[in-house]
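Chemist: Quick one: the structure is below, questions incoming.
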Number of protein chains: 2
Amino acid sequence: MKANIKISAVQQACNLDKQSNLQVSIEHIHQAKAAGADLVVLPELHLGPYFCQTEDYQHFATAEPIPGPTTAVLSELAEQLGIVIVATLFEKRAPGLYHNTAVIFDRDGSIAGKYRKMHIPDDPGYYEKYYFTPGDLGFKPIATSLGKLGVLVCWDQWYPEAARLMALAGAEVLIYPTAIGWDAADTKEQQQRQLDAWVTIQRAHAVANGIPVIACNRIGFEASPLDDKTGISFWGNSFIAGPQGEILAQANAMDTKLLTVELDSARSEYVRQIWPYLRDRRIDEYGNLTRRFID
Amino acid sequence: MKANIKISAVQQACNLDKQSNLQVSIEHIHQAKAAGADLVVLPELHLGPYFCQTEDYQHFATAEPIPGPTTAVLSELAEQLGIVIVATLFEKRAPGLYHNTAVIFDRDGSIAGKYRKMHIPDDPGYYEKYYFTPGDLGFKPIATSLGKLGVLVCWDQWYPEAARLMALAGAEVLIYPTAIGWDAADTKEQQQRQLDAWVTIQRAHAVANGIPVIACNRIGFEASPLDDKTGISFWGNSFIAGPQGEILAQANAMDTKLLTVELDSARSEYVRQIWPYLRDRRIDEYGNLTRRFID
């Protein structure tokens, strides 16, 4: 990895107007560049509302090929600013075959690689199994001119296996574009527990692997298409943590925010020397991790 | 699991006098019983000082067979009080073959099972690879009359693989006897980061697996035998977390403390229904977890 890289996360709301969402992203990418960032991360599916609150085939019409119209815009921006961009698109791969896909643009505007979300949730209000075929590109870091980026998406963040596989394959940082929020039916106490769990498990991926973690979430209330009462209040709280899981920057639950932090790759290496977890993994006894359940 | 079980953790100091250490443990086990506990956890290697600060063959003389004199005392106590006890002993298995072993006593005084620490650290002041052969019993929960206990020991706590394998094998709670502390040479800021990382990663095991976690640490400063300046300040902070990683009880860094919490197994099951992580694991893509590094 480049010795010190400056990374930014864009926490933003995503409304029905695709062009205005993209414009907000682009403005913040410019701001990130002005702040000296080498890499900028956008939230999951930042072009529009989180459409997975219901199952509606008409949303398939909003999917795009990769490369496609949005990647053309972001490629040009990445080249113009000389900045690495991590975006997430609803990918149309073939008729009837769609993915939730992160696209990583290198500083020369090329697509350095893509990651298709591997773990797909299905919960009330998060009907992703209807829309997204589970990824088939594996847990492979994307090689860029800044280093190897372990890009994972949202639900992946709850799986230590995903983070570990990225680290074992050489990822120097973990990046989680995400779209997660609160249900108004839950109590404040439940909501706080959910947020704490979300922060905690991602910080733990930093700890377990000795690498920084960037979590980039959206904000704003998005009403369910089913009625005018329910919906999701996306909880923001985007954060950047260092290689011991220490919080370096964190946004609140409400505001559009550009987080920018300079990462020190020498510190990551130092942490991995003093806490050498990879040295002692009992790989002779991990075979059962590929089982559904041991019964 | 029994619907509601009350669990206790005994945070205590461990000095040179084995009998007085054991007496402190026994008194707290009685207190735990008086508080209604069904299960009580002692810190790692609670019979004496943390002898792994140096490599000295004379310490092998303090190891005991299992069953042996200490297990006889604890078996009798478990039966007398009708309580499950999780102890950790320096196990002599054969001449030149020793383990760091948790022993689980059921309420009838029988040894329900043992767990031999699988991940063995070796850091300055924690020379465990000299003393302890890595465990060969695998990551197997211990079946007791209260339910299946996922007992792991200290350094294991940094490995999400260990927690996951216990959960996949049916563990209903994760239990970490431990001995971890601060080096006075580290700054307060570094010490705080270390403690936060330790709490964070264990809470994350609760989150990832939807089961409670008990971490039981020792307290007190133990000088290094090498000089009168260095040593370890064991940081206490024993805690019990619920199935979303929420802290239910936590001790401070200084005091002898009995933590007692009633766990609700119905709540664990509910959490695992609303956050069904096991459903979506990509077991088809986890094969590389048995590799040392993917290079």
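In the structure tokens, chains take the letters A, B, ... in the order shown, each chain's residues start at 1, and ligands count up from 1 in the order shown.
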Need to verify the contact set: Ala112 (chain B), 7 Å, only C-alpha atoms, exclusion of same-chain residues closer than 4 positions in sequence. Can you return it as a list in words?
Modeler: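 Residues meeting the cut-off are Ile104, Phe105, Asp106, Ile142, Ala143 and Thr144 of chain B.
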Chemist: Write down, as a ChimeraX atom specification, each residue of chain A that has any atom within 7 Å of an atom of chain B, counting only C-alpha atoms.
Modeler: /A:119-120,138,158-160,165,168-169,193,197,200-201,204,207-208,244-246,280-287,289-295
Chemist: Give me every helix (DSSP H, G or I) residue in region 8-157 of chain B, going by DSSP on the backbone, as a ChimeraX atom specification.
Modeler: /B:18-34,51-53,57-62,69-81,128-131,154-157
Chemist: Give the answer as one residue: which of B:Thr101, B:Ser268, B:Asn15, B:Thr178 has the shortest atom-to-atom distance to Ala215 (chain B), using only C-alpha atoms?
Modeler: B:Thr178
Chemist: Pick out the residues sitting within 10 Å of Gly36 (chain A), and hand them over as a ChimeraX atom specification; count only C-alpha atoms, and ignore anything fewer than 4 positions along from it in its own chain.
Modeler: /A:5-8,30-32,83,260-262
Chemist: Write the selection just made, keeping N, CA and C atoms, as a JSON list (two decimals), in the first residue's frame?
Modeler:
[["chain", "number", "residue", "atom", "x", "y", "z"],
["A", 5, "ILE", "N", -2.38, 6.88, 2.94],
["A", 5, "ILE", "CA", -3.44, 7.28, 2.03],
["A", 5, "ILE", "C", -4.54, 7.95, 2.83],
["A", 6, "LYS", "N", -5.14, 8.91, 2.15],
["A", 6, "LYS", "CA", -6.22, 9.67, 2.78],
["A", 6, "LYS", "C", -7.52, 9.15, 2.18],
["A", 7, "ILE", "N", -8.41, 8.74, 3.03],
["A", 7, "ILE", "CA", -9.65, 8.14, 2.56],
["A", 7, "ILE", "C", -10.85, 8.95, 3.02],
["A", 8, "SER", "N", -11.87, 8.98, 2.18],
["A", 8, "SER", "CA", -13.09, 9.70, 2.51],
["A", 8, "SER", "C", -14.29, 8.78, 2.36],
["A", 30, "HIS", "N", -15.58, 15.80, -5.20],
["A", 30, "HIS", "CA", -14.74, 16.99, -5.41],
["A", 30, "HIS", "C", -14.23, 17.54, -4.07],
["A", 31, "GLN", "N", -15.12, 17.60, -3.09],
["A", 31, "GLN", "CA", -14.70, 18.09, -1.76],
["A", 31, "GLN", "C", -13.63, 17.17, -1.16],
["A", 32, "ALA", "N", -13.83, 15.86, -1.36],
["A", 32, "ALA", "CA", -12.85, 14.91, -0.83],
["A", 32, "ALA", "C", -11.49, 15.17, -1.47],
["A", 83, "ILE", "N", -8.42, 10.15, -8.50],
["A", 83, "ILE", "CA", -8.85, 9.63, -7.20],
["A", 83, "ILE", "C", -9.50, 8.26, -7.40],
["A", 260, "THR", "N", -13.10, 12.32, 6.41],
["A", 260, "THR", "CA", -11.79, 12.13, 5.77],
["A", 260, "THR", "C", -10.74, 11.83, 6.84],
["A", 261, "VAL", "N", -9.97, 10.80, 6.61],
["A", 261, "VAL", "CA", -8.94, 10.37, 7.57],
["A", 261, "VAL", "C", -7.71, 9.92, 6.79],
["A", 262, "GLU", "N", -6.55, 10.25, 7.30],
["A", 262, "GLU", "CA", -5.31, 9.74, 6.71],
["A", 262, "GLU", "C", -4.91, 8.45, 7.43]]
Chemist: Just the residues within 9 Å of region 41-51 of chain B, please, counting only C-alpha atoms, with nothing from its chain fewer than 5 positions along; format it as a PyMOL selection string.
Modeler: chain B and resi 7-22+25+29+56+59+84-90+100-102+126-127+153-154+175-179+214-218+222+224-225+232
Chemist: A:Tyr270, A:Tyr98, A:Phe239, A:Phe221: which is nearest Ile66 (chain A), counting only C-alpha atoms?
Modeler: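 Closest to Ile66 (chain A) of all the choices is A:Tyr98.
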Chemist: Fewer than 3 positions away in the same chain doesn't count, so skip those; otherwise give me all residues within 7 Å of Lys92 (chain A), counting only C-alpha atoms, as a ChimeraX atom specification.
Modeler: /A:63-65,97-99
Chemist: Please dump the current selection as an mmCIF file, in the first residue's frame; keep C-alpha atoms.
Modeler:
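Heads up, here's the output in part_18.cif:
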data_model
loop_
_atom_site.group_PDB
_atom_site.id
_atom_site.type_symbol
_atom_site.label_atom_id
_atom_site.label_comp_id
_atom_site.auth_asym_id
_atom_site.auth_seq_id
_atom_site.Cartn_x
_atom_site.Cartn_y
_atom_site.Cartn_z
ATOM 1 C CA ALA A 63 -30.434 -1.715 -13.200
ATOM 2 C CA GLU A 64 -27.424 -0.879 -15.370
ATOM 3 C CA PRO A 65 -24.728 -2.902 -17.074
ATOM 4 C CA LEU A 97 -29.799 -11.884 -13.618
ATOM 5 C CA TYR A 98 -28.921 -8.946 -11.394
ATOM 6 C CA HIS A 99 -26.348 -8.235 -8.708
#
Chemist: Which one of B:Gly220, B:Gly125, B:Pro95, B:Gly109 sits closest to Ala78 (chain B) if you count only C-alpha atoms?
Modeler: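 Closest to Ala78 (chain B), using only C-alpha atoms: B:Gly109.
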